[in-house]
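Colleague: Attaching a single structure in structure tokens format; questions to follow.
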Amino acid sequence: MTPIISKLPQTGTTIFTLMSALANEVGAINLSQGFPDFNTSPELIQLVNTAMTDGHNQYAPMPGVMALREQIAQKTEKLYGAIYNPDTEITITAGGTQAIFTAITSVINPNDEVIIFEPAFDCYAPAIKLMGGIVKSLELAPPDYRIPWDMVRRLINNKTRMIILNTPHNPTATILQKEDIDELSAIVKNQDILILSDEVYEHLIYDGETHHSMARYPELRCRSFIVASFGKPFHATGWKVGYCMAPAFLMQEFRKVHQFLVFSVNAPIQYAIAEYLKDENTYLSLPDFFQQKRDHFRKGLEQTRFQLLPCYGSYFQSVTFNNITDQKDSDFALYITKEIGVASIPTSVFYTQGTDHHVLRFCFAKRQETLDKAVDRLLKI
Ligand code: GLN
């Protein structure tokens, strides 16, 4: 057979799969891939049970269960003052990654340019490339990873079709500020530029900071796909349920792809989440819940030789290790997984050029005893 021409010749298996597999293999505490080591709420599990026994076991409607889309519309209006029509502007997806892939696929054509900021979550660039789009990446650097908007301006030309943003940010735990929103608004004004805003950590934001959702700003909302997740807020990453919101003219294209990619998303979980969302405390309590974990973990890490980077949101804490070793971050991550027994993610994997700032990312969505055990081990370095 003629050899297959790979569509993604540079792409291997994702770092999350690799590091989790290694952690399991060597018995390390897994702070690499972002997922909780505690269970989702018994009440939510009961609601899934009820949905199943009530017979919600056949295909959900292609765009998602209406009761869930309505709850999402209400939540979005309450939190961000934005009105989305659940009929035409909200679609339930099989997690954030599918929503991101679908959004990119539905609007990116060959030679369209898409601006991404690195370190970038690893699913953005491959989706752009599969569509024949051109990835224009801008590198951000620790400790603050701020977006240099003057550089963004210089990257823009008549081929620029999309800018991808992520707030709170994975892996850096930074958040967009109002000044970023102002810069962005000025840049896209009167331009044919779409925004894909990955907001899967919207409820994981600390110290009373504001989540600057694109939904808050009419001039941005009108050109944005907003991607959100239920796995992160409800400690159920394995359920793979999320959603996308966009104005109808974009959502129409999104659904054309969605219907052939997954058709629809598993029904009982949608019914259950629709019910669960009726109590706003299910998500309003999250900042406190995770901030406690962040603070506890940071306090522990302060005793180690690592240097902490700020964490404003998400459930990731990054550290630098310049004063420990000059090894590559990927080598050092392997070393501490195998020899110290704590798995992390080396952040150079989120840069196209493999830029290594000697930064490791730890996930703190873990029980206190897991975090304590990890810190005890890291103290040995
Ligand atoms: N979002 C999670 C992380 O950053 C994992 C996603 C995945 O495994 N694809 O760790």
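Residue names in the structure tokens use chain letters A, B, ... in the order shown, residue numbers from 1 in each chain, and ligand numbers from 1 in the order shown.
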Give the residue list for ligand 1 at 9 Å, counting only C-alpha atoms and all ligand atoms, as a PyMOL selection string, sorted by chain and then by residue number.

Modeller: chain A and resi 14-17+20+31-35+96-97+121-123+170-171+200+232+237+316+345+363

Colleague: Keeping only N, CA, C and O atoms, write those residues as an mmCIF file, in the first residue's frame.

Modeller:
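The file below, result26.cif, is the result:
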data_model
loop_
_atom_site.group_PDB
_atom_site.id
_atom_site.type_symbol
_atom_site.label_atom_id
_atom_site.label_comp_id
_atom_site.auth_asym_id
_atom_site.auth_seq_id
_atom_site.Cartn_x
_atom_site.Cartn_y
_atom_site.Cartn_z
ATOM 1 N N THR A 14 -1.034 13.055 22.942
ATOM 2 C CA THR A 14 -1.039 14.247 23.803
ATOM 3 C C THR A 14 -0.263 13.988 25.099
ATOM 4 O O THR A 14 -0.230 12.875 25.606
ATOM 5 N N ILE A 15 0.299 15.068 25.609
ATOM 6 C CA ILE A 15 1.097 14.998 26.836
ATOM 7 C C ILE A 15 0.256 14.484 28.008
ATOM 8 O O ILE A 15 0.757 13.831 28.913
ATOM 9 N N PHE A 16 -1.057 14.769 27.972
ATOM 10 C CA PHE A 16 -1.925 14.356 29.093
ATOM 11 C C PHE A 16 -2.010 12.831 29.164
ATOM 12 O O PHE A 16 -1.923 12.235 30.231
ATOM 13 N N THR A 17 -2.163 12.218 28.000
ATOM 14 C CA THR A 17 -2.237 10.760 27.927
ATOM 15 C C THR A 17 -0.887 10.167 28.334
ATOM 16 O O THR A 17 -0.815 9.212 29.111
ATOM 17 N N SER A 20 -0.182 10.782 32.241
ATOM 18 C CA SER A 20 -1.068 9.979 33.099
ATOM 19 C C SER A 20 -0.674 8.508 33.022
ATOM 20 O O SER A 20 -0.675 7.801 34.036
ATOM 21 N N LEU A 31 -0.424 14.571 39.317
ATOM 22 C CA LEU A 31 -0.853 15.978 39.265
ATOM 23 C C LEU A 31 -0.625 16.524 37.849
ATOM 24 O O LEU A 31 -0.466 17.721 37.655
ATOM 25 N N SER A 32 -0.582 15.616 36.872
ATOM 26 C CA SER A 32 -0.319 16.051 35.494
ATOM 27 C C SER A 32 -1.628 16.414 34.793
ATOM 28 O O SER A 32 -2.012 17.583 34.781
ATOM 29 N N GLN A 33 -2.322 15.419 34.249
ATOM 30 C CA GLN A 33 -3.584 15.691 33.550
ATOM 31 C C GLN A 33 -4.584 16.322 34.524
ATOM 32 O O GLN A 33 -4.660 15.907 35.682
ATOM 33 N N GLY A 34 -5.343 17.312 34.032
ATOM 34 C CA GLY A 34 -6.263 18.013 34.932
ATOM 35 C C GLY A 34 -7.569 17.281 35.136
ATOM 36 O O GLY A 34 -8.450 17.327 34.276
ATOM 37 N N PHE A 35 -7.691 16.606 36.261
ATOM 38 C CA PHE A 35 -8.980 15.998 36.640
ATOM 39 C C PHE A 35 -8.976 15.772 38.144
ATOM 40 O O PHE A 35 -7.924 15.577 38.739
ATOM 41 N N GLY A 96 -15.416 20.185 25.965
ATOM 42 C CA GLY A 96 -14.853 21.413 25.402
ATOM 43 C C GLY A 96 -14.051 21.155 24.137
ATOM 44 O O GLY A 96 -14.135 21.918 23.169
ATOM 45 N N THR A 97 -13.293 20.076 24.128
ATOM 46 C CA THR A 97 -12.417 19.809 22.978
ATOM 47 C C THR A 97 -13.238 19.636 21.695
ATOM 48 O O THR A 97 -12.876 20.166 20.642
ATOM 49 N N PHE A 121 -3.270 25.532 24.803
ATOM 50 C CA PHE A 121 -3.813 24.187 24.979
ATOM 51 C C PHE A 121 -3.628 23.432 23.662
ATOM 52 O O PHE A 121 -3.756 24.001 22.586
ATOM 53 N N ASP A 122 -3.327 22.148 23.783
ATOM 54 C CA ASP A 122 -2.758 21.460 22.613
ATOM 55 C C ASP A 122 -3.730 21.119 21.501
ATOM 56 O O ASP A 122 -3.308 20.663 20.447
ATOM 57 N N CYS A 123 -5.022 21.351 21.666
ATOM 58 C CA CYS A 123 -5.941 20.967 20.577
ATOM 59 C C CYS A 123 -6.217 22.094 19.582
ATOM 60 O O CYS A 123 -6.846 21.863 18.558
ATOM 61 N N ASN A 170 -5.253 27.819 30.664
ATOM 62 C CA ASN A 170 -4.543 26.557 30.862
ATOM 63 C C ASN A 170 -3.374 26.551 29.893
ATOM 64 O O ASN A 170 -3.612 26.709 28.696
ATOM 65 N N PRO A 171 -2.124 26.437 30.286
ATOM 66 C CA PRO A 171 -1.668 26.013 31.603
ATOM 67 C C PRO A 171 -1.246 27.125 32.568
ATOM 68 O O PRO A 171 -0.825 26.820 33.669
ATOM 69 N N VAL A 200 -13.548 27.216 29.555
ATOM 70 C CA VAL A 200 -13.959 26.013 30.301
ATOM 71 C C VAL A 200 -13.678 26.124 31.802
ATOM 72 O O VAL A 200 -14.268 25.399 32.592
ATOM 73 N N LYS A 232 -15.365 20.287 34.300
ATOM 74 C CA LYS A 232 -14.539 20.997 35.293
ATOM 75 C C LYS A 232 -15.369 21.441 36.492
ATOM 76 O O LYS A 232 -15.024 21.118 37.623
ATOM 77 N N THR A 237 -14.997 15.005 34.678
ATOM 78 C CA THR A 237 -14.363 15.189 33.368
ATOM 79 C C THR A 237 -14.636 13.994 32.450
ATOM 80 O O THR A 237 -14.626 14.134 31.235
ATOM 81 N N PHE A 316 -4.806 24.849 37.999
ATOM 82 C CA PHE A 316 -3.399 24.556 37.779
ATOM 83 C C PHE A 316 -2.500 25.545 38.520
ATOM 84 O O PHE A 316 -2.787 26.742 38.544
ATOM 85 N N ILE A 345 3.065 18.452 34.308
ATOM 86 C CA ILE A 345 3.129 18.681 32.852
ATOM 87 C C ILE A 345 4.222 19.726 32.587
ATOM 88 O O ILE A 345 4.173 20.836 33.139
ATOM 89 N N CYS A 363 -1.688 20.016 38.791
ATOM 90 C CA CYS A 363 -3.143 20.158 38.965
ATOM 91 C C CYS A 363 -3.478 20.004 40.441
ATOM 92 O O CYS A 363 -3.092 19.014 41.068
#

Colleague: Can you list, as a list of chain:residue names, every protein, DNA or RNA residue that comes within 9 Å of Ile193 (chain A) when you count only C-alpha atoms, leaving out same-chain residues fewer than 5 positions away?

Modeller: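 Final neighbour list, sorted by chain and number: A:Thr160, A:Arg161, A:Met162, A:Ile163, A:Val188, A:Arg223.
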
Colleague: Please produce an output containing N, CA and C atoms for each residue in the selection, written as a PDB file, in the first residue's frame.

Modeller:
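Dumped to out22.pdb:
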ATOM      1  N   THR A 160      -6.419  37.285   8.297  1.00  0.00           N
ATOM      2  CA  THR A 160      -6.701  36.902   9.689  1.00  0.00           C
ATOM      3  C   THR A 160      -8.193  36.622   9.850  1.00  0.00           C
ATOM      4  N   ARG A 161      -8.501  35.386  10.264  1.00  0.00           N
ATOM      5  CA  ARG A 161      -9.924  35.010  10.346  1.00  0.00           C
ATOM      6  C   ARG A 161     -10.383  34.833  11.791  1.00  0.00           C
ATOM      7  N   MET A 162      -9.427  34.484  12.650  1.00  0.00           N
ATOM      8  CA  MET A 162      -9.852  34.150  14.019  1.00  0.00           C
ATOM      9  C   MET A 162      -8.730  34.424  15.017  1.00  0.00           C
ATOM     10  N   ILE A 163      -9.147  34.786  16.237  1.00  0.00           N
ATOM     11  CA  ILE A 163      -8.208  34.867  17.360  1.00  0.00           C
ATOM     12  C   ILE A 163      -8.740  33.904  18.416  1.00  0.00           C
ATOM     13  N   VAL A 188     -10.438  44.257  16.839  1.00  0.00           N
ATOM     14  CA  VAL A 188     -11.342  43.541  15.926  1.00  0.00           C
ATOM     15  C   VAL A 188     -12.425  44.446  15.320  1.00  0.00           C
ATOM     16  N   ARG A 223     -19.216  38.196  17.595  1.00  0.00           N
ATOM     17  CA  ARG A 223     -18.297  37.515  16.679  1.00  0.00           C
ATOM     18  C   ARG A 223     -17.627  36.309  17.354  1.00  0.00           C
TER      19      ARG A 223
END

Colleague: So which residues touch Glu275 (chain A) within 9 Å, counting only C-alpha atoms, skipping near sequence neighbours fewer than 4 positions away, as number ranges by chain?

Modeller: A: 44, 47, 67-68, 71, 270-271, 279

Colleague: Kindly export the residues of the current selection with C-alpha atoms, as a compact mmCIF listing (two decimals), in the first residue's frame.

Modeller:
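Saved result, out-v7.txt, follows:
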# COMPACT_ATOMS: atom_id res chain seq x y z
CA LEU A 44 -25.90 14.78 40.54
CA LEU A 47 -30.16 12.81 38.95
CA ALA A 67 -34.14 22.04 29.26
CA LEU A 68 -30.35 22.16 29.53
CA GLN A 71 -30.67 26.60 31.97
CA GLN A 270 -27.97 16.38 29.92
CA TYR A 271 -31.29 15.92 31.73
CA ASP A 279 -29.50 25.51 42.10

Colleague: Which parts of region 98-301 of chain A does DSSP call alpha helix (DSSP H) when run on the backbone here, written out as a short mmCIF file (atom, residue, chain, number, x, y, z; two decimals) with N, CA and C atoms, in the first residue's frame?

Modeller:
data_model
loop_
_atom_site.label_atom_id
_atom_site.label_comp_id
_atom_site.auth_asym_id
_atom_site.auth_seq_id
_atom_site.Cartn_x
_atom_site.Cartn_y
_atom_site.Cartn_z
N GLN A 98 -14.36 18.94 21.81
CA GLN A 98 -15.20 18.78 20.60
C GLN A 98 -15.77 20.12 20.15
N ALA A 99 -16.15 20.94 21.12
CA ALA A 99 -16.70 22.25 20.76
C ALA A 99 -15.65 23.09 20.04
N ILE A 100 -14.42 23.03 20.54
CA ILE A 100 -13.32 23.80 19.93
C ILE A 100 -13.07 23.30 18.51
N PHE A 101 -12.98 21.98 18.36
CA PHE A 101 -12.73 21.40 17.04
C PHE A 101 -13.84 21.78 16.07
N THR A 102 -15.07 21.68 16.55
CA THR A 102 -16.22 21.95 15.68
C THR A 102 -16.25 23.43 15.27
N ALA A 103 -15.98 24.31 16.22
CA ALA A 103 -16.00 25.74 15.90
C ALA A 103 -14.94 26.06 14.83
N ILE A 104 -13.74 25.54 15.03
CA ILE A 104 -12.66 25.81 14.08
C ILE A 104 -13.02 25.23 12.71
N THR A 105 -13.47 23.99 12.72
CA THR A 105 -13.80 23.30 11.48
C THR A 105 -14.89 24.03 10.69
N SER A 106 -15.82 24.61 11.42
CA SER A 106 -16.98 25.17 10.73
C SER A 106 -16.69 26.50 10.04
N VAL A 107 -15.62 27.19 10.43
CA VAL A 107 -15.39 28.51 9.81
C VAL A 107 -14.00 28.72 9.20
N TYR A 124 -5.74 23.32 19.86
CA TYR A 124 -6.08 24.41 18.94
C TYR A 124 -5.37 24.26 17.58
N ALA A 125 -4.05 24.20 17.63
CA ALA A 125 -3.28 24.23 16.38
C ALA A 125 -3.61 23.05 15.45
N PRO A 126 -3.72 21.80 15.95
CA PRO A 126 -4.03 20.71 15.02
C PRO A 126 -5.35 20.90 14.28
N ALA A 127 -6.36 21.43 14.96
CA ALA A 127 -7.66 21.63 14.30
C ALA A 127 -7.52 22.66 13.17
N ILE A 128 -6.75 23.71 13.44
CA ILE A 128 -6.54 24.75 12.41
C ILE A 128 -5.84 24.15 11.20
N LYS A 129 -4.78 23.37 11.49
CA LYS A 129 -3.98 22.79 10.40
C LYS A 129 -4.80 21.80 9.58
N LEU A 130 -5.63 21.00 10.24
CA LEU A 130 -6.44 20.03 9.51
C LEU A 130 -7.36 20.72 8.50
N TRP A 149 -0.42 43.32 22.97
CA TRP A 149 -1.42 43.66 21.96
C TRP A 149 -0.83 44.40 20.77
N ASP A 150 0.28 45.11 21.00
CA ASP A 150 0.89 45.77 19.84
C ASP A 150 1.42 44.74 18.85
N MET A 151 1.89 43.62 19.37
CA MET A 151 2.36 42.53 18.48
C MET A 151 1.16 41.88 17.76
N VAL A 152 0.06 41.78 18.47
CA VAL A 152 -1.15 41.21 17.84
C VAL A 152 -1.52 42.08 16.64
N ARG A 153 -1.51 43.39 16.87
CA ARG A 153 -1.85 44.33 15.78
C ARG A 153 -0.98 44.09 14.56
N ARG A 154 0.30 43.83 14.83
CA ARG A 154 1.22 43.65 13.70
C ARG A 154 0.98 42.35 12.95
N LEU A 155 0.39 41.36 13.63
CA LEU A 155 0.13 40.07 12.98
C LEU A 155 -1.10 40.10 12.09
N LYS A 178 -9.73 43.59 32.16
CA LYS A 178 -10.56 44.52 31.38
C LYS A 178 -9.73 45.23 30.30
N GLU A 179 -8.47 45.56 30.63
CA GLU A 179 -7.62 46.24 29.62
C GLU A 179 -7.41 45.36 28.40
N ASP A 180 -7.31 44.04 28.63
CA ASP A 180 -7.16 43.12 27.49
C ASP A 180 -8.41 43.17 26.61
N ILE A 181 -9.55 43.21 27.27
CA ILE A 181 -10.82 43.24 26.53
C ILE A 181 -10.88 44.53 25.69
N ASP A 182 -10.46 45.65 26.28
CA ASP A 182 -10.48 46.92 25.55
C ASP A 182 -9.57 46.87 24.32
N GLU A 183 -8.39 46.31 24.52
CA GLU A 183 -7.44 46.19 23.40
C GLU A 183 -8.03 45.31 22.30
N LEU A 184 -8.57 44.18 22.73
CA LEU A 184 -9.13 43.23 21.77
C LEU A 184 -10.29 43.87 20.99
N SER A 185 -11.15 44.58 21.73
CA SER A 185 -12.30 45.21 21.08
C SER A 185 -11.83 46.21 20.02
N ALA A 186 -10.81 46.98 20.37
CA ALA A 186 -10.31 47.98 19.42
C ALA A 186 -9.71 47.30 18.19
N ILE A 187 -9.05 46.18 18.42
CA ILE A 187 -8.38 45.49 17.30
C ILE A 187 -9.38 44.87 16.32
N VAL A 188 -10.44 44.26 16.84
CA VAL A 188 -11.34 43.54 15.93
C VAL A 188 -12.42 44.45 15.32
N PRO A 218 -20.95 43.13 24.14
CA PRO A 218 -21.71 42.95 22.89
C PRO A 218 -20.83 43.00 21.64
N GLU A 219 -19.83 43.88 21.65
CA GLU A 219 -19.01 44.03 20.44
C GLU A 219 -18.12 42.80 20.21
N LEU A 220 -17.89 42.03 21.26
CA LEU A 220 -17.11 40.79 21.12
C LEU A 220 -18.04 39.58 20.98
N ARG A 221 -19.10 39.59 21.76
CA ARG A 221 -20.07 38.49 21.74
C ARG A 221 -20.58 38.23 20.32
N ALA A 248 -26.44 33.31 16.12
CA ALA A 248 -27.09 32.32 15.25
C ALA A 248 -26.34 32.09 13.93
N PHE A 249 -25.78 33.15 13.33
CA PHE A 249 -25.13 32.95 12.02
C PHE A 249 -23.90 32.07 12.14
N LEU A 250 -23.26 32.07 13.29
CA LEU A 250 -22.12 31.18 13.52
C LEU A 250 -22.60 29.80 13.97
N MET A 251 -23.59 29.80 14.86
CA MET A 251 -24.09 28.54 15.39
C MET A 251 -24.68 27.66 14.29
N GLN A 252 -25.25 28.30 13.29
CA GLN A 252 -25.80 27.54 12.15
C GLN A 252 -24.70 26.72 11.47
N GLU A 253 -23.55 27.34 11.26
CA GLU A 253 -22.43 26.62 10.64
C GLU A 253 -21.87 25.58 11.60
N PHE A 254 -21.79 25.93 12.88
CA PHE A 254 -21.29 25.02 13.91
C PHE A 254 -22.12 23.73 13.89
N ARG A 255 -23.43 23.87 13.84
CA ARG A 255 -24.31 22.68 13.90
C ARG A 255 -24.20 21.82 12.66
N LYS A 256 -23.87 22.44 11.51
CA LYS A 256 -23.70 21.63 10.30
C LYS A 256 -22.59 20.61 10.50
N VAL A 257 -21.54 21.03 11.20
CA VAL A 257 -20.43 20.11 11.46
C VAL A 257 -20.76 19.18 12.63
N HIS A 258 -21.28 19.77 13.70
CA HIS A 258 -21.60 19.01 14.92
C HIS A 258 -22.46 17.79 14.61
N GLN A 259 -23.45 17.96 13.72
CA GLN A 259 -24.40 16.86 13.47
C GLN A 259 -23.72 15.66 12.82
N PHE A 260 -22.59 15.91 12.14
CA PHE A 260 -21.92 14.77 11.52
C PHE A 260 -20.70 14.31 12.30
N LEU A 261 -20.33 15.08 13.28
CA LEU A 261 -19.18 14.70 14.11
C LEU A 261 -19.63 13.80 15.26
N ALA A 267 -27.82 11.56 26.42
CA ALA A 267 -29.05 12.21 26.90
C ALA A 267 -29.20 12.27 28.43
N PRO A 268 -29.05 11.16 29.18
CA PRO A 268 -29.39 11.23 30.60
C PRO A 268 -28.57 12.26 31.37
N ILE A 269 -27.32 12.40 30.99
CA ILE A 269 -26.48 13.38 31.69
C ILE A 269 -26.95 14.80 31.42
N GLN A 270 -27.44 15.04 30.22
CA GLN A 270 -27.97 16.38 29.92
C GLN A 270 -29.20 16.68 30.77
N TYR A 271 -30.10 15.70 30.89
CA TYR A 271 -31.29 15.92 31.73
C TYR A 271 -30.87 16.18 33.18
N ALA A 272 -29.90 15.40 33.64
CA ALA A 272 -29.46 15.53 35.03
C ALA A 272 -28.85 16.91 35.27
N ILE A 273 -27.99 17.36 34.38
CA ILE A 273 -27.32 18.66 34.59
C ILE A 273 -28.36 19.79 34.51
N ALA A 274 -29.35 19.62 33.64
CA ALA A 274 -30.40 20.65 33.53
C ALA A 274 -31.08 20.84 34.88
N GLU A 275 -31.31 19.75 35.57
CA GLU A 275 -31.96 19.80 36.88
C GLU A 275 -31.01 20.40 37.92
N TYR A 276 -29.79 19.92 37.88
CA TYR A 276 -28.77 20.32 38.86
C TYR A 276 -28.48 21.82 38.80
N ASN A 281 -26.04 27.55 43.50
CA ASN A 281 -24.89 27.27 44.37
C ASN A 281 -23.98 26.18 43.82
N THR A 282 -24.53 25.35 42.93
CA THR A 282 -23.71 24.28 42.36
C THR A 282 -22.49 24.87 41.65
N TYR A 283 -22.65 26.07 41.09
CA TYR A 283 -21.46 26.68 40.46
C TYR A 283 -20.94 27.90 41.21
N LEU A 284 -21.82 28.59 41.94
CA LEU A 284 -21.32 29.79 42.65
C LEU A 284 -20.39 29.43 43.81
N LEU A 286 -18.03 27.28 43.66
CA LEU A 286 -16.76 26.71 43.17
C LEU A 286 -15.52 27.54 43.44
N PRO A 287 -15.58 28.89 43.29
CA PRO A 287 -14.36 29.64 43.58
C PRO A 287 -13.82 29.38 44.99
N ASP A 288 -14.70 29.37 45.98
CA ASP A 288 -14.24 29.12 47.36
C ASP A 288 -13.67 27.73 47.51
N PHE A 289 -14.40 26.78 46.95
CA PHE A 289 -14.00 25.38 47.06
C PHE A 289 -12.58 25.17 46.50
N PHE A 290 -12.33 25.71 45.31
CA PHE A 290 -11.02 25.49 44.69
C PHE A 290 -9.96 26.45 45.23
N GLN A 291 -10.39 27.63 45.68
CA GLN A 291 -9.39 28.55 46.23
C GLN A 291 -8.74 27.96 47.48
N GLN A 292 -9.56 27.26 48.27
CA GLN A 292 -8.99 26.60 49.46
C GLN A 292 -7.91 25.61 49.07
N LYS A 293 -8.18 24.86 48.02
CA LYS A 293 -7.19 23.89 47.55
C LYS A 293 -5.94 24.60 47.03
N ARG A 294 -6.19 25.66 46.24
CA ARG A 294 -5.05 26.42 45.71
C ARG A 294 -4.18 26.94 46.85
N ASP A 295 -4.82 27.56 47.84
CA ASP A 295 -4.06 28.16 48.94
C ASP A 295 -3.30 27.11 49.72
N HIS A 296 -3.96 25.99 49.97
CA HIS A 296 -3.32 24.92 50.73
C HIS A 296 -2.10 24.38 49.97
N PHE A 297 -2.29 24.17 48.67
CA PHE A 297 -1.21 23.61 47.86
C PHE A 297 -0.05 24.61 47.74
N ARG A 298 -0.38 25.88 47.56
CA ARG A 298 0.67 26.90 47.46
C ARG A 298 1.49 26.97 48.75
N LYS A 299 0.79 26.90 49.87
CA LYS A 299 1.48 26.96 51.16
C LYS A 299 2.48 25.81 51.27
N GLY A 300 2.04 24.65 50.84
CA GLY A 300 2.93 23.49 50.85
C GLY A 300 4.11 23.69 49.91
N LEU A 301 3.83 24.15 48.70
CA LEU A 301 4.90 24.32 47.70
C LEU A 301 5.91 25.37 48.12
#

Colleague: Calculated over only C-alpha atoms, which of the candidates A:Phe362, A:Tyr84, A:Phe38, A:Phe234 has the smallest distance to Ala173 (chain A)?

Modeller: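 Among the listed residues, A:Phe362 lies closest to Ala173 (chain A).
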
Colleague: Of the candidates A:Ala23, A:Ala120, A:Lys189, A:Pro168, which shows the shortest atom-to-atom distance to Ile340 (chain A), using only C-alpha atoms?

Modeller: A:Ala23

Colleague: Point out the residue among A:Val265, A:Ile147, A:Ile336, A:Leu138 with the least atom-to-atom distance to Gln58 (chain A), counting only C-alpha atoms.

Modeller: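 Ranking A:Val265, A:Ile147, A:Ile336, A:Leu138 by distance to Gln58 (chain A), first place goes to A:Val265.
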
Colleague: Tell me which protein, DNA and RNA residues are within 12 Å of Glu339 (chain A), counting only C-alpha atoms, leaving out same-chain ones fewer than 5 positions away, and put them as a compact mmCIF listing (two decimals) with all heavy atoms, in the first residue's frame.

Modeller:
# COMPACT_ATOMS: atom_id res chain seq x y z
N LEU A 22 2.30 7.32 32.36
CA LEU A 22 3.57 7.15 33.09
C LEU A 22 3.32 7.16 34.60
O LEU A 22 3.89 6.34 35.34
CB LEU A 22 4.56 8.25 32.70
CG LEU A 22 5.92 8.18 33.39
CD1 LEU A 22 6.68 6.91 32.98
CD2 LEU A 22 6.77 9.42 33.09
N ALA A 23 2.47 8.08 35.05
CA ALA A 23 2.17 8.16 36.49
C ALA A 23 1.59 6.82 36.97
O ALA A 23 2.00 6.30 38.01
CB ALA A 23 1.18 9.29 36.76
N VAL A 26 4.40 4.02 37.02
CA VAL A 26 5.42 4.06 38.08
C VAL A 26 4.79 4.32 39.47
O VAL A 26 5.50 4.46 40.45
CB VAL A 26 6.54 5.09 37.79
CG1 VAL A 26 7.21 4.80 36.46
CG2 VAL A 26 6.00 6.53 37.80
N GLY A 27 3.48 4.42 39.52
CA GLY A 27 2.80 4.64 40.81
C GLY A 27 3.02 6.03 41.38
O GLY A 27 3.03 6.22 42.59
N ALA A 28 3.18 7.04 40.50
CA ALA A 28 3.38 8.42 40.99
C ALA A 28 2.04 9.07 41.28
O ALA A 28 1.01 8.69 40.73
CB ALA A 28 4.13 9.23 39.92
N ILE A 29 2.04 10.06 42.17
CA ILE A 29 0.83 10.87 42.40
C ILE A 29 0.61 11.69 41.13
O ILE A 29 1.53 12.39 40.68
CB ILE A 29 1.03 11.81 43.61
CG1 ILE A 29 1.30 10.97 44.87
CG2 ILE A 29 -0.18 12.70 43.80
CD1 ILE A 29 1.73 11.80 46.07
N ASP A 331 12.54 16.71 30.62
CA ASP A 331 13.40 15.73 31.31
C ASP A 331 13.18 15.80 32.82
O ASP A 331 13.11 14.77 33.50
CB ASP A 331 14.89 16.01 31.02
CG ASP A 331 15.22 15.69 29.57
OD1 ASP A 331 14.44 14.94 28.95
OD2 ASP A 331 16.22 16.23 29.07
N PHE A 332 13.06 17.01 33.32
CA PHE A 332 12.89 17.16 34.76
C PHE A 332 11.53 16.59 35.20
O PHE A 332 11.41 15.95 36.25
CB PHE A 332 13.01 18.64 35.15
CG PHE A 332 13.11 18.87 36.63
CD1 PHE A 332 14.02 18.17 37.40
CD2 PHE A 332 12.28 19.79 37.26
CE1 PHE A 332 14.11 18.38 38.79
CE2 PHE A 332 12.36 20.01 38.63
CZ PHE A 332 13.27 19.29 39.39
N ALA A 333 10.50 16.81 34.36
CA ALA A 333 9.17 16.25 34.68
C ALA A 333 9.23 14.72 34.72
O ALA A 333 8.64 14.09 35.61
CB ALA A 333 8.13 16.72 33.66
N LEU A 334 9.96 14.14 33.78
CA LEU A 334 10.10 12.68 33.79
C LEU A 334 10.84 12.23 35.05
O LEU A 334 10.45 11.27 35.71
CB LEU A 334 10.90 12.19 32.56
CG LEU A 334 10.16 12.27 31.21
CD1 LEU A 334 11.05 11.74 30.10
CD2 LEU A 334 8.85 11.48 31.27
N ARG A 377 6.63 14.66 49.07
CA ARG A 377 7.60 14.09 48.12
C ARG A 377 8.44 15.18 47.47
O ARG A 377 9.65 15.02 47.29
CB ARG A 377 6.87 13.27 47.06
CG ARG A 377 6.21 12.04 47.65
CD ARG A 377 5.61 11.17 46.58
NE ARG A 377 4.92 10.03 47.19
CZ ARG A 377 4.37 9.04 46.51
NH1 ARG A 377 4.42 9.03 45.18
NH2 ARG A 377 3.79 8.05 47.13
N LEU A 378 7.77 16.30 47.09
CA LEU A 378 8.51 17.37 46.39
C LEU A 378 9.54 18.03 47.31
O LEU A 378 10.53 18.59 46.83
CB LEU A 378 7.54 18.40 45.83
CG LEU A 378 6.62 17.88 44.70
CD1 LEU A 378 5.55 18.91 44.34
CD2 LEU A 378 7.42 17.51 43.45
N LYS A 380 11.61 16.58 48.95
CA LYS A 380 12.87 15.82 48.87
C LYS A 380 13.80 16.35 47.79
O LYS A 380 14.96 15.98 47.71
CB LYS A 380 12.56 14.34 48.60
CG LYS A 380 11.77 13.69 49.71
CD LYS A 380 11.84 12.18 49.60
CE LYS A 380 10.77 11.51 50.42
NZ LYS A 380 9.68 10.95 49.60
N ILE A 381 13.27 17.22 46.92
CA ILE A 381 14.12 17.72 45.83
C ILE A 381 15.03 18.81 46.39
O ILE A 381 14.56 19.76 47.02
CB ILE A 381 13.27 18.29 44.68
CG1 ILE A 381 12.41 17.18 44.09
CG2 ILE A 381 14.14 18.92 43.60
CD1 ILE A 381 11.42 17.65 43.01

Colleague: Work out how far apart CA of Lys7 (chain A) and CA of Leu196 (chain A) are and give it in Å to one decimal.

Modeller: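 Computing the Euclidean distance for CA of Lys7 (chain A) and CA of Leu196 (chain A) yields 22.8 Å.
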
Colleague: A:Ser224, A:Gln307, A:Thr210, A:Asn190: which is nearest Leu165 (chain A), counting only C-alpha atoms?

Modeller: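 Of all the options, A:Ser224 lies closest to Leu165 (chain A).
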
Colleague: Using only C-alpha atoms, find the one residue out of A:Lys278, A:Tyr312, A:Ala365, A:Asp112 that sits nearest to Glu209 (chain A).

Modeller: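 The shortest atom-to-atom distance to Glu209 (chain A) comes from A:Tyr312.
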
Colleague: Determine the nearest neighbour of Gly242 (chain A) from the options A:Pro9, A:Tyr206, A:Phe364, A:Glu199, counting only C-alpha atoms.

Modeller: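 Between A:Pro9, A:Tyr206, A:Phe364, A:Glu199, the residue approaching Gly242 (chain A) most closely is A:Glu199.
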
Colleague: Would you list, as a ChimeraX atom specification, the residues of region 79-295 of chain A that end up in strand (DSSP E) under DSSP run on this structure's backbone?

Modeller: /A:90-93,113-118,134-139,160-166,194-198,224-229,242-245
